[in-house]
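Asker: Attaching a single structure in structure tokens format; questions to follow.
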Amino acid sequence: MPKKEPAEKAKATPHHTGHRQRLRERFAKAGVDGIAEYELMELLLFRAIPRRDVKPLAKDLIARFGSFGAALSAETARLSEVPGISDAIISEFKIVQAAALNLAQAKIMDQPAISSWSALIEYCNASMAYNPTEQFRILFLDRKNVLIADEIQQKGTIDHTPVYPREVVKRALELGASSIILVHNHPSGDPTPSQADIDMTKKIIESAKPLDVSIHDHLVIGKGRHVSFKSLGLI
């Protein structure tokens, strides 16, 4: 068999040969700060696509959804619409998303809410910022402001979630909570409280006050941003 010339060898070798190993080594040395967001997506895609250049798909996902986190959090139906996305890739995404939420929650559970406030915000962003519909979450605190429970009370539509003040207070009493933090997301991405948000918060405060349950704060989560009612002077 005739020996291949160098040009023929180069043509036969995919241009991305060795890229995976180089990217893994760069990530091992520098961590997430040393790679681009699409490269982090590549590292994840490597697991589900063993032999293919995944850079175009990684860049397409970032461009389509806006960020690595948004792509991971996207609904299965939307991910399935992307050319090149298989059930195996979606499964990898959802495993990583679940692991990230579990780690974020572990940082705040059984911890004083005040001292772990940045971790609490990080968790709320990770769990709610990219939801396509509104979700109303309650964080329950004991007398020392330690987070004892985290529950989703209601899920709504793209711009509305039904909230029942009596149910909120009832659940706080069942758990022995002394105060609560209300959290909900705005799928639009803009965390500015609406008048309905303000009115609903006032109703919960009024229902909770006679039973010695205080509202520590109400957080509105947008895409990469959040608003605190307490910081705005609304509580």
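Chain identifiers are assigned as A, B, and so on, following the order in which chains appear in the structure tokens; residues are numbered from 1 within each chain, and ligands are numbered from 1 in order of appearance.
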Which residues, written as a VMD selection string, have at least one atom at most 9 Å from segment 79-95 of chain A, with only C-alpha atoms counted and residues fewer than 5 positions away on the same chain left out?
Answerer: chain A and resid 44 to 45 47 to 49 57 60 to 61 64 71 to 74 100
Asker: Please produce a file of those selected residues containing N, CA and C atoms, as a compact mmCIF listing (two decimals), in the first residue's frame.
Answerer:
```txt
# COMPACT_ATOMS: atom_id res chain seq x y z
N LEU A 44 -19.70 19.58 28.16
CA LEU A 44 -20.90 18.82 28.51
C LEU A 44 -21.36 17.95 27.34
N LEU A 45 -21.30 18.50 26.14
CA LEU A 45 -21.73 17.75 24.95
C LEU A 45 -20.81 16.56 24.66
N ARG A 47 -19.87 14.37 26.55
CA ARG A 47 -20.36 13.18 27.24
C ARG A 47 -21.42 12.43 26.43
N ALA A 48 -22.22 13.18 25.70
CA ALA A 48 -23.32 12.55 24.94
C ALA A 48 -22.97 12.31 23.48
N ILE A 49 -21.95 13.02 22.98
CA ILE A 49 -21.54 12.86 21.57
C ILE A 49 -20.06 12.49 21.57
N LEU A 57 -22.53 23.11 17.48
CA LEU A 57 -23.75 22.89 18.25
C LEU A 57 -23.71 23.66 19.56
N ASP A 60 -24.37 27.24 18.80
CA ASP A 60 -25.77 27.41 18.41
C ASP A 60 -26.68 27.44 19.64
N LEU A 61 -26.41 26.56 20.62
CA LEU A 61 -27.21 26.51 21.84
C LEU A 61 -27.08 27.81 22.65
N ARG A 64 -28.91 30.56 20.71
CA ARG A 64 -30.37 30.37 20.69
C ARG A 64 -31.00 30.69 22.03
N ALA A 71 -29.77 27.49 28.52
CA ALA A 71 -29.88 26.29 27.70
C ALA A 71 -30.14 25.06 28.57
N LEU A 72 -29.39 24.96 29.68
CA LEU A 72 -29.58 23.83 30.59
C LEU A 72 -30.98 23.81 31.17
N SER A 73 -31.54 25.01 31.43
CA SER A 73 -32.84 25.11 32.08
C SER A 73 -34.01 25.09 31.11
N ALA A 74 -33.72 25.10 29.82
CA ALA A 74 -34.79 25.15 28.83
C ALA A 74 -35.66 23.89 28.91
N ALA A 100 -26.75 20.81 39.96
CA ALA A 100 -26.43 22.19 40.31
C ALA A 100 -27.42 22.75 41.33
```
Asker: Using the chain letters and numbers from this document, which residues of segment 11-213 of chain A does DSSP assign to helix (DSSP H, G or I), as an MDAnalysis selection string?
Answerer: chainID A and resid 11:12 19:30 32:34 37:48 55:65 68:73 76:80 87:106 117:128 165:175 195:211
Asker: Save the residues we just selected, C-alpha atoms, as a CSV table (one decimal), in the first residue's frame?
Answerer:
```csv
chain,number,residue,atom,x,y,z
A,11,LYS,CA,-7.0,15.7,4.9
A,12,ALA,CA,-7.8,12.4,6.5
A,19,HIS,CA,-9.3,19.5,20.6
A,20,ARG,CA,-11.2,17.6,23.3
A,21,GLN,CA,-8.1,16.7,25.2
A,22,ARG,CA,-6.7,20.2,25.0
A,23,LEU,CA,-10.0,21.7,26.2
A,24,ARG,CA,-10.2,19.3,29.1
A,25,GLU,CA,-6.6,20.1,30.1
A,26,ARG,CA,-7.3,23.8,29.9
A,27,PHE,CA,-10.4,23.4,32.1
A,28,ALA,CA,-8.4,21.3,34.6
A,29,LYS,CA,-5.8,24.0,34.9
A,30,ALA,CA,-7.8,27.2,34.8
A,32,VAL,CA,-14.5,27.7,34.4
A,33,ASP,CA,-12.9,31.2,34.4
A,34,GLY,CA,-10.3,30.0,31.9
A,37,GLU,CA,-19.2,29.7,27.8
A,38,TYR,CA,-19.6,27.8,24.6
A,39,GLU,CA,-16.5,25.7,25.6
A,40,LEU,CA,-18.2,24.8,28.8
A,41,MET,CA,-21.1,23.7,26.7
A,42,GLU,CA,-18.7,21.7,24.6
A,43,LEU,CA,-17.4,19.8,27.6
A,44,LEU,CA,-20.9,18.8,28.5
A,45,LEU,CA,-21.7,17.7,25.0
A,46,PHE,CA,-18.6,15.6,24.8
A,47,ARG,CA,-20.4,13.2,27.2
A,48,ALA,CA,-23.3,12.6,24.9
A,55,LYS,CA,-18.3,23.3,18.8
A,56,PRO,CA,-21.0,24.4,16.2
A,57,LEU,CA,-23.7,22.9,18.2
A,58,ALA,CA,-22.4,24.4,21.5
A,59,LYS,CA,-22.3,27.9,19.9
A,60,ASP,CA,-25.8,27.4,18.4
A,61,LEU,CA,-27.2,26.5,21.8
A,62,ILE,CA,-25.6,29.6,23.5
A,63,ALA,CA,-26.9,31.9,20.7
A,64,ARG,CA,-30.4,30.4,20.7
A,65,PHE,CA,-31.0,30.4,24.5
A,68,PHE,CA,-25.2,28.2,29.3
A,69,GLY,CA,-27.6,28.3,32.2
A,70,ALA,CA,-30.6,29.2,30.0
A,71,ALA,CA,-29.9,26.3,27.7
A,72,LEU,CA,-29.6,23.8,30.6
A,73,SER,CA,-32.8,25.1,32.1
A,76,THR,CA,-37.3,19.5,26.9
A,77,ALA,CA,-39.7,20.5,24.1
A,78,ARG,CA,-37.7,23.6,23.2
A,79,LEU,CA,-34.4,21.7,23.3
A,80,SER,CA,-35.8,19.0,21.1
A,87,ASP,CA,-32.6,12.5,24.0
A,88,ALA,CA,-29.1,11.6,25.4
A,89,ILE,CA,-28.0,15.3,25.3
A,90,ILE,CA,-31.3,16.4,26.9
A,91,SER,CA,-30.8,13.8,29.6
A,92,GLU,CA,-27.2,15.1,30.3
A,93,PHE,CA,-28.5,18.6,30.5
A,94,LYS,CA,-31.2,17.7,33.1
A,95,ILE,CA,-28.8,15.7,35.2
A,96,VAL,CA,-26.4,18.6,35.4
A,97,GLN,CA,-29.2,21.0,36.1
A,98,ALA,CA,-30.5,18.8,38.9
A,99,ALA,CA,-27.0,18.4,40.4
A,100,ALA,CA,-26.4,22.2,40.3
A,101,LEU,CA,-29.7,22.9,42.1
A,102,ASN,CA,-29.0,20.3,44.7
A,103,LEU,CA,-25.6,21.8,45.4
A,104,ALA,CA,-27.0,25.3,45.6
A,105,GLN,CA,-29.8,24.2,47.9
A,106,ALA,CA,-27.3,22.4,50.2
A,117,TRP,CA,-27.9,35.6,51.6
A,118,SER,CA,-25.7,35.6,48.5
A,119,ALA,CA,-26.0,31.8,48.4
A,120,LEU,CA,-29.7,32.1,48.8
A,121,ILE,CA,-29.9,34.5,45.9
A,122,GLU,CA,-27.7,32.2,43.8
A,123,TYR,CA,-30.0,29.3,44.5
A,124,CYS,CA,-33.2,31.3,43.6
A,125,ASN,CA,-31.6,32.4,40.4
A,126,ALA,CA,-30.6,28.9,39.5
A,127,SER,CA,-34.0,27.4,40.3
A,128,MET,CA,-36.3,30.1,38.9
A,165,PRO,CA,-52.4,34.4,51.7
A,166,ARG,CA,-54.2,32.1,54.2
A,167,GLU,CA,-52.6,29.1,52.7
A,168,VAL,CA,-49.2,30.7,53.0
A,169,VAL,CA,-49.7,31.5,56.7
A,170,LYS,CA,-51.2,28.1,57.4
A,171,ARG,CA,-48.2,26.3,56.0
A,172,ALA,CA,-45.8,28.5,58.0
A,173,LEU,CA,-47.7,27.5,61.2
A,174,GLU,CA,-47.6,23.8,60.2
A,175,LEU,CA,-43.8,24.0,59.9
A,195,GLN,CA,-48.7,46.5,41.5
A,196,ALA,CA,-50.3,43.1,41.8
A,197,ASP,CA,-47.1,41.8,43.4
A,198,ILE,CA,-47.1,44.7,45.9
A,199,ASP,CA,-50.8,44.2,46.7
A,200,MET,CA,-50.4,40.5,47.2
A,201,THR,CA,-47.5,41.0,49.5
A,202,LYS,CA,-49.4,43.4,51.7
A,203,LYS,CA,-52.3,40.9,52.0
A,204,ILE,CA,-49.9,38.2,53.1
A,205,ILE,CA,-48.3,40.5,55.7
A,206,GLU,CA,-51.8,41.4,57.0
A,207,SER,CA,-52.8,37.7,57.3
A,208,ALA,CA,-49.5,36.7,59.0
A,209,LYS,CA,-49.2,39.6,61.5
A,210,PRO,CA,-51.9,38.4,64.0
A,211,LEU,CA,-50.3,35.0,64.1
```
Asker: List the neighbours of Arg225 of chain A out to 9 Å using only C-alpha atoms; skip same-chain residues closer than 6 positions along the sequence, and give me the result as a VMD selection string.
Answerer: chain A and resid 125 129 189 to 191
Asker: I need the residues from that last selection saved to file as a compact mmCIF listing (two decimals), in the first residue's frame (with C-alpha atoms), if you can.
Answerer:
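Produced file part_30.txt, reproduced below:
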```txt
# COMPACT_ATOMS: atom_id res chain seq x y z
CA ASN A 125 -31.62 32.44 40.39
CA ALA A 129 -34.65 32.65 36.62
CA GLY A 189 -36.68 38.78 32.71
CA ASP A 190 -37.57 42.15 34.28
CA PRO A 191 -37.75 41.75 38.08
```
Asker: Atom CA of Phe140 of chain A to atom CA of Asn185 of chain A: how many Å, to one decimal?
Answerer: 17.7 Å
Asker: Smallest atom-to-atom distance to Ser188 of chain A: which of A:Pro162, A:Pro50, A:Gly18, A:Pro132, using only C-alpha atoms?
Answerer: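 Closest to Ser188 of chain A, using only C-alpha atoms: A:Pro132.
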Asker: Counting only C-alpha atoms, which residue out of A:Ser67, A:Arg143, A:Glu75, A:Tyr164 sits closest to Gly224 of chain A?
Answerer: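 Using only C-alpha atoms, Gly224 of chain A sits closest to A:Ser67.
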Asker: Determine, for each residue of segment 126-192 of chain A having at least one atom at most 8 Å from an atom of segment 215-218 of chain A, the closest pair of atoms and their separation in Å to one decimal, counting only C-alpha atoms; order by chain and ascending number, as a tab-separated table.
Answerer:
```
residue	atom	partner	partner_atom	distance
A:Ser179	CA	A:Ile215	CA	5.6
A:Ile180	CA	A:Ile215	CA	5.1
A:Ile181	CA	A:Asp217	CA	5.0
A:Leu182	CA	A:His218	CA	4.4
A:Val183	CA	A:His218	CA	5.6
```
Asker: Which of segment 137-196 of chain A end up as strand (DSSP E or B) when DSSP is run on this backbone - answer as a PyMOL selection string?
Answerer: chain A and resi 137-141+146-155+179-185
Asker: Restricting the output to N, CA and C atoms, write the selected residues as a CSV table (one decimal), in the first residue's frame.
Answerer:
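Now in selection.csv:
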```csv
chain,number,residue,atom,x,y,z
A,137,ARG,N,-42.5,30.6,45.3
A,137,ARG,CA,-41.8,29.8,46.3
A,137,ARG,C,-41.8,30.5,47.6
A,138,ILE,N,-41.8,29.6,48.7
A,138,ILE,CA,-41.7,30.2,50.0
A,138,ILE,C,-40.5,29.5,50.8
A,139,LEU,N,-39.7,30.4,51.4
A,139,LEU,CA,-38.6,29.9,52.2
A,139,LEU,C,-39.0,30.1,53.7
A,140,PHE,N,-39.0,29.1,54.5
A,140,PHE,CA,-39.5,29.2,55.8
A,140,PHE,C,-38.3,29.3,56.8
A,141,LEU,N,-38.4,30.2,57.7
A,141,LEU,CA,-37.3,30.4,58.7
A,141,LEU,C,-37.7,30.2,60.1
A,146,VAL,N,-32.9,30.6,60.6
A,146,VAL,CA,-32.3,29.5,59.9
A,146,VAL,C,-33.4,28.9,59.0
A,147,LEU,N,-33.0,28.7,57.7
A,147,LEU,CA,-33.9,28.2,56.7
A,147,LEU,C,-34.2,26.7,57.0
A,148,ILE,N,-35.5,26.4,57.3
A,148,ILE,CA,-35.9,25.1,57.7
A,148,ILE,C,-36.7,24.4,56.6
A,149,ALA,N,-37.2,25.1,55.6
A,149,ALA,CA,-38.0,24.5,54.5
A,149,ALA,C,-38.0,25.4,53.3
A,150,ASP,N,-38.1,24.8,52.1
A,150,ASP,CA,-38.1,25.5,50.9
A,150,ASP,C,-39.2,24.8,50.0
A,151,GLU,N,-40.3,25.5,49.8
A,151,GLU,CA,-41.4,24.8,49.1
A,151,GLU,C,-41.9,25.7,47.9
A,152,ILE,N,-42.3,25.1,46.9
A,152,ILE,CA,-43.1,25.8,45.8
A,152,ILE,C,-44.5,25.7,46.1
A,153,GLN,N,-45.2,26.8,46.3
A,153,GLN,CA,-46.6,26.8,46.7
A,153,GLN,C,-47.5,26.8,45.4
A,154,GLN,N,-47.1,27.6,44.4
A,154,GLN,CA,-48.0,27.7,43.2
A,154,GLN,C,-47.1,27.8,42.0
A,155,LYS,N,-47.7,27.3,40.9
A,155,LYS,CA,-47.1,27.5,39.5
A,155,LYS,C,-48.3,28.1,38.7
A,179,SER,N,-40.8,33.2,60.5
A,179,SER,CA,-40.8,34.2,59.4
A,179,SER,C,-40.7,33.5,58.1
A,180,ILE,N,-41.0,34.2,57.0
A,180,ILE,CA,-40.9,33.6,55.7
A,180,ILE,C,-40.3,34.6,54.7
A,181,ILE,N,-39.7,34.0,53.7
A,181,ILE,CA,-39.2,34.8,52.5
A,181,ILE,C,-40.0,34.4,51.3
A,182,LEU,N,-40.7,35.3,50.7
A,182,LEU,CA,-41.5,35.1,49.5
A,182,LEU,C,-40.6,35.2,48.3
A,183,VAL,N,-40.7,34.3,47.3
A,183,VAL,CA,-39.9,34.4,46.1
A,183,VAL,C,-40.8,34.1,44.9
A,184,HIS,N,-40.7,34.9,43.9
A,184,HIS,CA,-41.4,34.5,42.6
A,184,HIS,C,-40.6,35.1,41.5
A,185,ASN,N,-40.7,34.5,40.3
A,185,ASN,CA,-40.0,34.9,39.1
A,185,ASN,C,-40.8,35.6,38.1
```
Asker: Atom CA of Phe229 of chain A and atom CA of Gly66 of chain A are how many Å apart?
Answerer: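 So the answer is 27.5 Å.
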Asker: Just how far from atom CA of Ser231 of chain A is atom CA of Asp212 of chain A, in Å to one decimal?
Answerer: 22.2 Å
Asker: Which residues are near Pro187 of chain A? Cut-off 8 Å, only C-alpha atoms, ignore same chain within fewer than 5 positions. Put them as a count of residues only.
Answerer: 10
